[in-house]
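One file, final_24.txt, is given below (compact mmCIF, C-alpha atoms).
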# COMPACT_ATOMS: atom_id res chain seq x y z
CA MET P 612 -7.31 32.42 52.95
CA SER P 613 -9.63 30.57 50.65
CA LEU P 614 -9.50 33.38 48.09
CA ARG P 615 -5.70 33.19 48.03
CA CYS P 616 -5.88 29.44 47.56
CA ALA P 617 -8.39 29.86 44.80
CA LEU P 618 -6.12 32.36 43.04
CA LEU P 619 -3.15 30.03 43.36
CA ALA P 620 -5.19 27.14 42.03
CA TRP P 621 -6.36 29.33 39.14
CA ALA P 622 -2.79 30.27 38.28
CA LEU P 623 -1.60 26.67 38.41
CA PHE P 624 -4.48 25.41 36.35
CA THR P 625 -4.13 28.09 33.68
CA LEU P 626 -0.48 27.15 33.31
CA LEU P 627 -1.35 23.48 33.17
CA ARG P 628 -4.07 23.95 30.53
CA HIS P 629 -1.81 26.23 28.55
CA GLY P 630 0.98 23.70 28.71
CA VAL P 631 -1.26 20.83 27.63
CA ALA P 632 -2.73 22.87 24.80
CA GLN P 633 0.73 23.64 23.45
CA LYS P 634 2.62 21.27 21.24
CA ASP P 635 4.28 19.48 24.18
CA SER P 636 7.78 19.69 22.69
CA ASP P 637 9.09 19.59 26.25
CA CYS P 638 8.33 15.89 26.20
CA CYS P 639 11.05 15.40 23.57
CA GLY P 640 14.38 13.87 24.44
CA PRO P 641 17.70 15.29 23.21
CA ILE P 642 18.35 15.42 19.45
CA VAL P 643 21.78 16.37 18.14
CA PRO P 644 21.03 19.42 15.97
CA ARG P 645 22.61 20.03 12.55
CA ARG P 646 24.81 22.76 13.82
CA GLU P 647 26.32 20.48 16.42
CA TRP P 648 27.22 17.73 13.96
CA ARG P 649 28.41 20.50 11.63
CA GLY P 650 26.05 19.61 8.83
CA LEU P 651 26.25 21.41 5.52
CA ALA P 652 23.30 23.69 4.80
CA SER P 653 20.25 22.02 3.28
CA ASN P 654 19.09 23.03 -0.19
CA CYS P 655 15.79 21.22 0.17
CA ASP P 656 12.55 23.14 -0.17
CA ARG P 657 9.77 20.56 -0.17
CA LYS P 658 7.84 20.90 3.04
CA LEU P 659 5.96 18.17 4.83
CA SER P 660 2.35 18.83 5.74
CA LEU P 661 2.01 17.67 9.31
CA PRO P 662 0.99 15.45 10.99
CA LYS P 663 2.25 12.48 9.07
CA SER P 664 0.69 9.04 9.49
CA TYR P 665 3.70 6.90 8.53
CA VAL P 666 7.25 6.32 9.70
CA VAL P 667 9.65 4.42 7.44
CA VAL P 668 12.58 2.73 9.19
CA SER P 669 15.73 2.07 7.18
CA HIS P 670 19.41 1.45 7.74
CA THR P 671 22.24 3.33 6.08
CA ALA P 672 23.96 0.00 5.26
CA GLY P 673 27.17 1.89 6.00
CA SER P 674 29.57 1.89 8.91
CA PRO P 675 28.13 1.86 12.43
CA CYS P 676 29.40 4.14 15.18
CA ASP P 677 29.08 3.78 18.92
CA THR P 678 30.44 6.96 20.44
CA PRO P 679 29.22 10.52 20.10
CA ASP P 680 32.47 11.50 18.40
CA SER P 681 32.46 8.69 15.88
CA CYS P 682 28.72 9.10 15.21
CA LEU P 683 29.17 12.82 14.60
CA LYS P 684 31.72 11.94 11.95
CA GLN P 685 29.47 9.25 10.50
CA VAL P 686 26.46 11.58 10.06
CA GLN P 687 28.75 13.94 8.17
CA ASN P 688 29.87 11.02 6.00
CA VAL P 689 26.29 10.09 5.18
CA GLN P 690 25.43 13.69 4.32
CA ASN P 691 28.53 14.03 2.16
CA PHE P 692 27.57 10.91 0.25
CA HIS P 693 23.98 12.09 -0.33
CA LYS P 694 24.80 15.71 -1.13
CA GLY P 695 28.21 15.37 -2.73
CA THR P 696 28.13 12.04 -4.51
CA LEU P 697 24.42 11.60 -5.19
CA GLY P 698 23.75 15.31 -5.68
CA TRP P 699 20.73 15.49 -3.37
CA CYS P 700 19.63 18.65 -1.58
CA ASP P 701 20.54 17.16 1.82
CA VAL P 702 21.02 13.92 3.75
CA ALA P 703 18.08 11.74 2.74
CA TYR P 704 16.60 11.01 6.15
CA ASN P 705 14.52 13.11 8.49
CA PHE P 706 16.49 11.67 11.45
CA LEU P 707 19.39 9.28 12.00
CA ILE P 708 20.02 6.98 14.93
CA GLY P 709 23.51 6.13 16.17
CA GLU P 710 24.66 3.16 18.19
CA ASP P 711 25.81 5.76 20.69
CA GLY P 712 22.11 5.95 21.58
CA LEU P 713 21.70 9.46 20.19
CA VAL P 714 19.29 10.86 17.61
CA TYR P 715 20.76 13.07 14.90
CA GLU P 716 18.72 15.72 13.15
CA GLY P 717 18.60 15.19 9.40
CA ARG P 718 15.93 17.04 7.39
CA GLY P 719 13.85 17.25 10.56
CA TRP P 720 10.09 17.14 10.99
CA ASP P 721 9.19 19.85 8.46
CA ILE P 722 11.08 19.00 5.29
CA GLN P 723 10.28 16.07 3.01
CA GLY P 724 12.93 13.36 3.01
CA ALA P 725 14.26 11.24 0.12
CA HIS P 726 14.32 7.90 1.84
CA ALA P 727 11.43 5.81 0.48
CA GLY P 728 10.63 6.71 -3.10
CA GLY P 729 8.32 9.20 -4.79
CA GLY P 730 5.06 8.03 -3.24
CA TRP P 731 6.05 7.50 0.37
CA ASN P 732 8.44 10.43 0.89
CA SER P 733 5.66 13.00 1.05
CA LYS P 734 3.60 10.86 3.39
CA SER P 735 6.17 9.75 5.96
CA ILE P 736 8.98 10.59 8.35
CA GLY P 737 12.10 8.57 7.51
CA ILE P 738 14.43 7.48 10.27
CA SER P 739 17.61 5.56 9.57
CA PHE P 740 19.83 3.52 11.84
CA MET P 741 23.48 4.10 11.05
CA GLY P 742 24.97 0.71 10.26
CA ASN P 743 24.13 -2.54 8.49
CA TYR P 744 21.60 -4.67 10.33
CA MET P 745 21.32 -7.80 8.17
CA ASP P 746 23.30 -9.95 10.58
CA ARG P 747 23.35 -7.96 13.77
CA ALA P 748 20.83 -5.89 15.72
CA PRO P 749 21.29 -2.30 16.90
CA PRO P 750 21.92 -2.01 20.65
CA GLN P 751 18.99 -1.39 22.99
CA ARG P 752 20.00 2.22 23.56
CA ALA P 753 19.66 2.92 19.83
CA LEU P 754 16.23 1.30 19.72
CA ARG P 755 15.20 3.31 22.77
CA ALA P 756 16.38 6.50 21.12
CA ALA P 757 14.26 5.74 18.07
CA GLN P 758 11.16 5.01 20.16
CA SER P 759 11.70 8.17 22.13
CA LEU P 760 12.01 10.16 18.90
CA LEU P 761 8.73 8.80 17.60
CA ALA P 762 6.95 9.58 20.88
CA CYS P 763 8.38 13.07 20.54
CA GLY P 764 6.92 13.29 17.05
CA VAL P 765 3.47 12.55 18.39
CA ALA P 766 3.89 15.04 21.25
CA ARG P 767 4.86 17.75 18.77
CA GLY P 768 1.99 17.01 16.42
CA ALA P 769 4.41 15.90 13.67
CA LEU P 770 3.09 12.34 13.81
CA SER P 771 -0.52 11.25 14.16
CA PRO P 772 -1.18 9.50 17.47
CA ASN P 773 -2.03 6.36 15.48
CA TYR P 774 0.93 6.57 13.09
CA GLU P 775 2.10 3.37 11.40
CA VAL P 776 5.68 2.12 11.26
CA LYS P 777 6.86 0.45 8.05
CA GLY P 778 10.16 -1.17 7.24
CA HIS P 779 11.94 0.28 4.23
CA ARG P 780 11.58 -3.10 2.50
CA ASP P 781 7.81 -2.86 2.99
CA VAL P 782 7.67 0.14 0.66
CA GLN P 783 10.58 -0.33 -1.73
CA ASP P 784 12.49 -3.24 -3.23
CA THR P 785 15.44 -3.27 -0.81
CA LEU P 786 17.06 -5.25 2.00
CA SER P 787 16.90 -2.18 4.23
CA PRO P 788 16.52 -2.00 7.24
CA GLY P 789 18.31 -5.37 7.38
CA ASP P 790 16.87 -8.72 8.50
CA ARG P 791 17.69 -8.33 12.19
CA LEU P 792 16.38 -4.77 12.55
CA TYR P 793 13.32 -5.62 10.47
CA ASP P 794 12.52 -8.48 12.85
CA ILE P 795 12.72 -6.05 15.75
CA ILE P 796 10.52 -3.29 14.32
CA GLN P 797 7.85 -5.83 13.50
CA THR P 798 7.39 -6.20 17.26
CA TRP P 799 6.84 -2.47 17.77
CA PRO P 800 3.30 -1.50 18.77
CA HIS P 801 2.86 0.89 15.83
CA TYR P 802 4.18 -1.52 13.21
CA GLN P 803 1.66 -2.40 10.50
CA ASP P 804 2.65 -4.41 7.46
CA MET A 682 -24.93 23.92 42.83
CA ARG A 683 -21.56 22.17 43.20
CA LYS A 684 -22.94 19.01 41.64
CA ALA A 685 -24.08 20.98 38.60
CA LYS A 686 -20.58 22.40 38.14
CA LEU A 687 -19.02 18.95 38.38
CA TRP A 688 -21.44 17.51 35.83
CA GLY A 689 -20.78 20.48 33.57
CA LEU A 690 -17.06 19.80 33.66
CA LEU A 691 -17.51 16.10 32.96
CA GLY A 692 -19.73 16.94 30.02
CA MET A 693 -17.11 19.27 28.56
CA LEU A 694 -14.36 16.70 28.98
CA PHE A 695 -16.48 14.08 27.24
CA VAL A 696 -17.20 16.37 24.31
CA SER A 697 -13.55 17.32 23.88
CA GLU A 698 -12.59 13.63 23.88
CA LEU A 699 -15.14 12.97 21.15
CA GLN A 700 -13.70 15.79 19.08
CA ALA A 701 -10.20 14.45 19.52
CA ALA A 702 -11.32 11.01 18.44
CA ALA A 703 -13.16 12.29 15.37
CA GLY A 704 -10.21 14.32 14.13
CA GLN A 705 -7.77 11.46 13.51
CA ALA A 706 -6.24 9.77 10.51
CA GLU A 707 -8.04 11.60 7.67
CA GLU A 708 -6.05 13.71 5.30
CA LYS A 709 -7.83 16.86 4.17
CA LYS A 710 -7.65 18.86 0.98
CA ILE A 711 -9.37 22.14 0.23
CA LEU A 712 -9.94 23.11 -3.40
CA THR A 713 -11.88 25.76 -5.28
CA GLU A 714 -14.59 24.82 -7.78
CA GLY A 715 -13.18 23.99 -11.19
CA GLU A 716 -9.81 22.87 -9.89
CA THR A 717 -8.39 19.39 -10.34
CA LEU A 718 -7.71 17.15 -7.38
CA ASN A 719 -4.31 15.51 -7.56
CA TYR A 720 -3.82 13.08 -4.76
CA HIS A 721 -2.07 9.79 -4.12
CA CYS A 722 -2.62 6.89 -1.76
CA VAL A 723 0.35 4.80 -0.69
CA TYR A 724 0.46 1.07 -0.13
CA THR A 725 3.02 -1.51 0.94
CA ARG A 726 4.61 -4.04 -1.40
CA LYS A 727 2.24 -6.82 -0.49
CA HIS A 728 -0.35 -4.93 -2.57
CA SER A 729 1.91 -4.33 -5.61
CA GLN A 730 -0.02 -6.75 -7.78
CA SER A 731 -3.48 -5.88 -6.48
CA GLN A 732 -5.93 -3.65 -8.27
CA LYS A 733 -7.04 -0.54 -6.43
CA ALA A 734 -10.27 1.44 -6.41
CA TRP A 735 -11.30 5.00 -5.55
CA GLN A 736 -14.51 5.29 -3.59
CA ARG A 737 -16.69 7.99 -2.15
CA VAL A 738 -18.06 7.26 1.32
CA MET A 739 -21.56 8.61 1.89
CA ASP A 740 -23.15 9.62 5.18
CA GLY A 741 -24.09 6.41 6.91
CA GLY A 742 -20.98 4.62 5.64
CA LYS A 743 -22.17 3.33 2.28
CA ALA A 744 -19.38 3.53 -0.29
CA GLU A 745 -19.68 4.15 -4.02
CA THR A 746 -16.89 3.03 -6.36
CA LEU A 747 -15.89 5.79 -8.76
CA ALA A 748 -12.97 4.14 -10.55
CA PHE A 749 -10.67 1.15 -10.31
CA THR A 750 -7.37 0.19 -11.90
CA GLU A 751 -7.13 -2.38 -14.66
CA LYS A 752 -5.25 -5.62 -14.09
CA THR A 753 -2.78 -5.16 -16.89
CA SER A 754 -2.50 -1.47 -17.68
CA LYS A 755 -2.55 -0.18 -14.07
CA ASN A 756 -4.63 2.72 -15.28
CA SER A 757 -8.27 3.15 -14.51
CA GLN A 758 -11.46 2.46 -16.26
CA GLU A 759 -13.13 5.75 -16.90
CA LEU A 760 -16.43 5.42 -15.07
CA GLY A 761 -18.03 8.84 -15.60
CA GLY A 762 -14.95 10.42 -17.15
CA ARG A 763 -13.88 12.67 -14.27
CA TYR A 764 -11.89 10.13 -12.28
CA PHE A 765 -8.50 8.86 -13.36
CA LEU A 766 -6.31 6.47 -11.47
CA GLU A 767 -2.74 5.54 -12.17
CA ASP A 768 -1.05 2.87 -10.13
CA ASN A 769 2.70 3.32 -9.85
CA THR A 770 3.83 -0.01 -8.43
CA THR A 771 7.48 1.05 -8.13
CA GLN A 772 6.54 4.00 -5.97
CA GLY A 773 3.87 2.07 -4.11
CA ALA A 774 1.33 4.78 -4.82
CA VAL A 775 -1.99 5.13 -6.63
CA HIS A 776 -2.33 8.57 -8.16
CA VAL A 777 -5.85 9.95 -8.26
CA ARG A 778 -7.05 12.74 -10.47
CA MET A 779 -10.52 14.28 -10.24
CA THR A 780 -11.12 17.04 -12.75
CA ASN A 781 -13.34 20.09 -12.41
CA VAL A 782 -14.32 19.55 -8.79
CA GLN A 783 -17.64 20.99 -7.65
CA VAL A 784 -18.96 21.92 -4.23
CA SER A 785 -21.11 18.79 -4.40
CA ASP A 786 -17.93 16.71 -4.60
CA SER A 787 -17.09 17.69 -1.02
CA GLY A 788 -17.01 14.64 1.19
CA LEU A 789 -15.04 11.61 2.24
CA TYR A 790 -13.12 9.52 -0.28
CA ARG A 791 -10.85 6.53 0.04
CA CYS A 792 -8.52 4.18 -1.80
CA VAL A 793 -9.32 0.51 -1.31
CA ILE A 794 -8.06 -2.78 -2.64
CA TYR A 795 -10.11 -4.06 -5.59
CA PRO A 796 -12.07 -6.32 -5.87
CA ILE A 797 -13.79 -4.87 -2.85
CA LEU A 798 -14.52 -7.25 -0.01
CA SER A 799 -17.52 -7.04 2.31
CA ASN A 800 -15.02 -5.69 4.82
CA PRO A 801 -13.01 -3.49 2.45
CA GLU A 802 -9.27 -3.13 2.84
CA VAL A 803 -8.85 0.63 3.03
CA LEU A 804 -5.50 2.11 2.05
CA GLU A 805 -6.07 5.78 2.85
CA SER A 806 -8.90 8.26 3.31
CA LEU A 807 -9.25 11.83 2.12
CA ARG A 808 -11.63 14.52 3.25
CA LEU A 809 -12.24 16.76 0.25
CA VAL A 810 -13.64 20.23 0.75
CA VAL A 811 -14.57 22.22 -2.35
CA THR A 812 -15.27 25.91 -1.90
CA LYS A 813 -17.10 28.25 -4.21
CA GLY A 814 -15.19 31.13 -5.78
CA PRO A 815 -11.82 32.44 -4.50
CA SER A 816 -10.67 30.31 -1.56
CA ALA A 817 -10.94 32.18 1.76
CA SER A 818 -7.97 30.33 3.18
CA THR A 819 -6.07 27.08 2.87
CA SER A 820 -5.88 26.59 6.64
CA ARG A 821 -7.04 23.22 7.94
CA ASP A 822 -9.31 24.68 10.56
CA LYS A 823 -11.46 26.89 8.38
CA ASN A 824 -15.08 26.07 7.62
CA PRO A 825 -16.20 25.78 4.00
CA PRO A 826 -19.03 28.11 2.99
CA ARG A 827 -22.43 26.48 3.11
CA ASP A 828 -24.43 26.27 -0.07
CA LYS A 829 -27.35 24.35 -1.50
CA ALA A 830 -26.28 21.02 -3.02
CA GLN A 831 -25.91 21.39 -6.76
CA THR A 832 -27.27 18.90 -9.28
CA PRO A 833 -24.62 16.20 -9.51
CA THR A 834 -23.10 15.52 -12.92
CA PHE A 835 -22.49 11.82 -12.50
CA PRO A 836 -24.61 8.84 -11.47
CA PRO A 837 -25.82 7.92 -8.91
CA ALA A 838 -27.26 11.25 -7.86
CA THR A 839 -26.28 12.42 -4.41
CA LYS A 840 -29.26 13.95 -2.68
CA ALA A 841 -27.65 14.73 0.64
CA PRO A 842 -27.16 18.46 1.38
CA VAL A 843 -23.56 19.68 1.56
CA THR A 844 -22.35 18.67 4.99
CA GLN A 845 -20.84 21.02 7.54
CA PRO A 846 -17.98 19.65 9.66
CA PRO A 847 -17.96 20.74 13.33
CA PRO A 848 -16.01 24.00 13.64
CA LYS A 849 -13.27 22.95 16.06
CA SER A 850 -11.95 19.66 14.68
CA THR A 851 -9.31 19.64 12.00
CA ALA A 852 -10.97 16.80 10.04
CA GLY A 853 -14.48 16.34 11.32
CA VAL A 854 -16.80 13.41 10.74
CA SER A 855 -19.46 14.69 8.37
CA ARG A 856 -22.97 15.30 9.64
CA PRO A 857 -26.08 16.55 7.83
CA GLY A 858 -25.79 20.33 7.97
CA LEU A 859 -28.24 23.17 7.95
CA GLU A 860 -29.08 24.62 4.56
CA VAL A 861 -28.41 28.34 4.40
CA ASN A 862 -28.22 30.78 1.47
CA PRO A 863 -25.47 33.25 2.36
CA THR A 864 -23.84 35.49 -0.23
CA ASN A 865 -20.14 35.11 -0.97
CA VAL A 866 -19.16 38.17 1.08
CA THR A 867 -21.10 37.01 4.12
CA ASP A 868 -19.47 33.59 3.69
CA VAL A 869 -15.98 35.02 4.05
CA THR A 870 -16.90 37.05 7.12
CA ARG A 871 -18.72 34.11 8.64
CA ILE A 872 -15.73 31.84 8.07
CA SER A 873 -13.34 34.23 9.85
CA VAL A 874 -15.75 34.74 12.74
CA PHE A 875 -16.36 31.03 13.21
CA SER A 876 -12.77 29.99 12.97
CA ILE A 877 -11.62 32.53 15.53
CA VAL A 878 -14.51 33.10 17.88
CA ILE A 879 -15.57 29.51 18.41
CA PRO A 880 -12.15 28.02 19.28
CA VAL A 881 -11.44 30.94 21.60
CA ALA A 882 -14.86 30.71 23.22
CA CYS A 883 -14.46 26.96 23.69
CA ALA A 884 -11.04 27.38 25.24
CA LEU A 885 -12.41 29.99 27.63
CA VAL A 886 -15.42 27.88 28.56
CA THR A 887 -13.28 24.81 29.19
CA LYS A 888 -10.83 26.71 31.30
CA SER A 889 -13.47 28.46 33.37
CA LEU A 890 -15.32 25.22 34.00
CA VAL A 891 -12.10 23.60 35.20
CA LEU A 892 -11.38 26.58 37.44
CA THR A 893 -14.89 26.56 38.84
CA VAL A 894 -14.58 22.93 39.82
CA LEU A 895 -11.21 23.52 41.41
CA PHE A 896 -12.60 26.52 43.26
CA ALA A 897 -15.50 24.44 44.51
CA VAL A 898 -13.15 21.72 45.67
CA THR A 899 -10.88 24.13 47.51
CA GLN A 900 -13.89 25.75 49.14
CA LYS A 901 -15.05 22.38 50.35
CA SER A 902 -11.66 21.37 51.74
CA PHE A 903 -11.37 24.58 53.71
CA GLY A 904 -14.68 23.85 55.31
CA SER A 905 -16.42 27.04 54.18
Translate this structure into structure tokens?
Amino acid sequence: MSLRCALLAWALFTLLRHGVAQKDSDCCGPIVPRREWRGLASNCDRKLSLPKSYVVVSHTAGSPCDTPDSCLKQVQNVQNFHKGTLGWCDVAYNFLIGEDGLVYEGRGWDIQGAHAGGGWNSKSIGISFMGNYMDRAPPQRALRAAQSLLACGVARGALSPNYEVKGHRDVQDTLSPGDRLYDIIQTWPHYQD
Amino acid sequence: MRKAKLWGLLGMLFVSELQAAAGQAEEKKILTEGETLNYHCVYTRKHSQSQKAWQRVMDGGKAETLAFTEKTSKNSQELGGRYFLEDNTTQGAVHVRMTNVQVSDSGLYRCVIYPILSNPEVLESLRLVVTKGPSASTSRDKNPPRDKAQTPTFPPATKAPVTQPPPKSTAGVSRPGLEVNPTNVTDVTRISVFSIVIPVACALVTKSLVLTVLFAVTQKSFGS
């Protein structure tokens, strides 16, 4: 009896240790992948060496969206602007946040973004809230989605456990992420000016 | 006997926590002797107009300033001629160049705001590892080959032996290491052995200790 229990305990513990030792991606919430929002293929080739110690929060300053359907369209719009009009290799951000409360995969964790200028891009993950947040704040569900994404980054080893959040205006001369959103992120535990 | 197992487990947990704590927040670069270090530190806009400095942090925490940016030109004074700084205020980044790196350059460096306060404002830190000859690997977890400290080419002279980071952490806190004289071939073999055997052995030891404790506990609860 006790031998059987010991074997069961051994099996459980090995699984537990194995699970903890892995990159804990199971802790991550849902992210709408590129294929789902029908993103055009990326031509970017600059990789990010992980983990990164900084997160830069911006806004797109474009139209907001508050349903999965409208946000899907809006991510496509942003990518079309960056790739088509600006001629970049892909949408600038590593991830985008919609007012539908969903996270949209941009360049992802492994590819360098083009969201914060030549110095900061290689050192940070850039997340952007879809909309203009000078005079209004994103809804709670969008803020939650962003926080969940960042926790996921830590769990995956893409972000250092003591990563720092910066507003886009902290690193470049811009209004982004908008006065209201900037006020909010300054209250986040990882924010450092 | 059971008490010993429990204490053993606690000891292992404590050690692994220490390792986790030591391995945070330092970037690491591995170069071969003769190469040039190209690195940049980022800073937020509040520091746009500040001067920056590049320092080496010795064992014990004492820091030595190697270069700092000029007020007007944003480029560095050339203290010693091997260190060049260029502050790009638009990018919010100080670019650092260290030419012809030597094994003795291995250590901890950092960008700080200049003039340097008694409690310096540190922008970023870099763990530099310089290996002799063809690099064995660029993986973060590999150990650099140990070698006698070479005569430094810039003042002040660094007398500390080349330090050996602990094998398991990805960016270890430096500690005075043992001085050994291996050949290059032995170095490569030793690196592979250390980087594979030690992590595996540690994982096995940790797991078996945990299992032993659990076993002991289950034994106890079944009254045997």
**Prompt:** Of the candidates P:Thr696, P:Ser669, P:Asn688, P:Ser660, which one gets nearest to Trp720 (chain P) if we count only C-alpha atoms?
**Reply:**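 Using only C-alpha atoms, the shortest distance to Trp720 (chain P) belongs to P:Ser660.
Neighbouring residues of Gln690 (chain P) at 9 Å or closer, counting all atoms listed in the file and skipping chain neighbours under 4 positions away, are Gly650, Leu651, Gln685, Val686, Lys694, Gly695, Asp701, Val702, Ala703 and Gly717 of chain P.
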Select from chain P every residue with an atom at most 7 Å from any atom of chain A, then for each give the shortest pair of atoms and their distance in Å to one decimal, using all atoms listed in the file, rows by chain and rising number, as JSON lines.
{"residue": "P:Ser613", "atom": "CA", "partner": "A:Gln900", "partner_atom": "CA", "distance": 6.6}
{"residue": "P:Ala617", "atom": "CA", "partner": "A:Phe896", "partner_atom": "CA", "distance": 5.6}
{"residue": "P:Trp621", "atom": "CA", "partner": "A:Leu892", "partner_atom": "CA", "distance": 6.0}
{"residue": "P:Gly728", "atom": "CA", "partner": "A:Gln772", "partner_atom": "CA", "distance": 5.7}
{"residue": "P:Gly729", "atom": "CA", "partner": "A:Gln772", "partner_atom": "CA", "distance": 5.6}
{"residue": "P:Gly730", "atom": "CA", "partner": "A:Gln772", "partner_atom": "CA", "distance": 5.1}
{"residue": "P:Trp731", "atom": "CA", "partner": "A:Val723", "partner_atom": "CA", "distance": 6.4}
{"residue": "P:Ser771", "atom": "CA", "partner": "A:Ala706", "partner_atom": "CA", "distance": 6.9}
{"residue": "P:Asp781", "atom": "CA", "partner": "A:Thr725", "partner_atom": "CA", "distance": 5.4}
{"residue": "P:Val782", "atom": "CA", "partner": "A:Thr725", "partner_atom": "CA", "distance": 4.9}
Practice item. Mind checking which residues fall within 6 Å of region 709-715 of chain P, counting all atoms listed in the file, ignoring those fewer than 6 positions away in the same chain, and posting them as a list in words? Key: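 My list of contacting residues is Ile642, Val643, Cys676, Asp677, Thr678, Pro679, Met741, Arg752, Ala753 and Ala756 of chain P.
Excluding Asn800 (chain A) itself and any same-chain residue fewer than 3 positions from it, the protein and nucleic acid residues within 12 Å of it, counting all atoms listed in the file, are Gly742, Lys743, Ala744, Val793, Ile794, Tyr795, Pro796, Ile797 and Val803 of chain A.
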Generate the output file for the selected residues, C-alpha atoms, as a JSON list (two decimals), in the coordinates of the input.
[["chain", "number", "residue", "atom", "x", "y", "z"],
["A", 742, "GLY", "CA", -20.98, 4.62, 5.64],
["A", 743, "LYS", "CA", -22.17, 3.33, 2.28],
["A", 744, "ALA", "CA", -19.38, 3.53, -0.29],
["A", 793, "VAL", "CA", -9.32, 0.51, -1.31],
["A", 794, "ILE", "CA", -8.06, -2.78, -2.64],
["A", 795, "TYR", "CA", -10.11, -4.06, -5.59],
["A", 796, "PRO", "CA", -12.07, -6.32, -5.87],
["A", 797, "ILE", "CA", -13.79, -4.87, -2.85],
["A", 803, "VAL", "CA", -8.85, 0.63, 3.03]]
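Of the residues under consideration (A:Val894, A:Met779, A:Leu807, A:Ala748), A:Leu807 shows the shortest atom-to-atom contact distance to Lys709 (chain A) when counting only C-alpha atoms.
When CA of Ile738 (chain P) is paired with CA of Val667 (chain P), their separation reads 6.3 Å.
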Using all atoms listed in the file, the residue out of A:Lys813, A:Lys733, A:Arg808, A:Arg763 with shortest distance to Gln783 (chain A) is A:Lys813
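Excluding Ser754 (chain A) itself and any same-chain residue fewer than 3 positions from it, the protein and nucleic acid residues within 9 Å of it, counting all atoms listed in the file, are A:Thr750, A:Glu751, A:Ser757, A:Glu767, A:Asp768.
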What's the separation between CA of Ala672 (chain P) and CA of Arg646 (chain P), in Å to one decimal place?
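One can read the CA of Ala672 (chain P) to CA of Arg646 (chain P) distance as 24.3 Å.
CA of Ser731 (chain A) lies 7.8 Å from CA of Lys752 (chain A).
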Using all atoms listed in the file and a cutoff of 7 Å, can you tell me which residues are near (11.6, 13.8, 22.7) in the file's coordinates, and write them out as a CSV table (one decimal) with C-alpha atoms, in the frame of the given file?
chain,number,residue,atom,x,y,z
P,638,CYS,CA,8.3,15.9,26.2
P,639,CYS,CA,11.0,15.4,23.6
P,640,GLY,CA,14.4,13.9,24.4
P,641,PRO,CA,17.7,15.3,23.2
P,759,SER,CA,11.7,8.2,22.1
P,760,LEU,CA,12.0,10.2,18.9
P,762,ALA,CA,7.0,9.6,20.9
P,763,CYS,CA,8.4,13.1,20.5
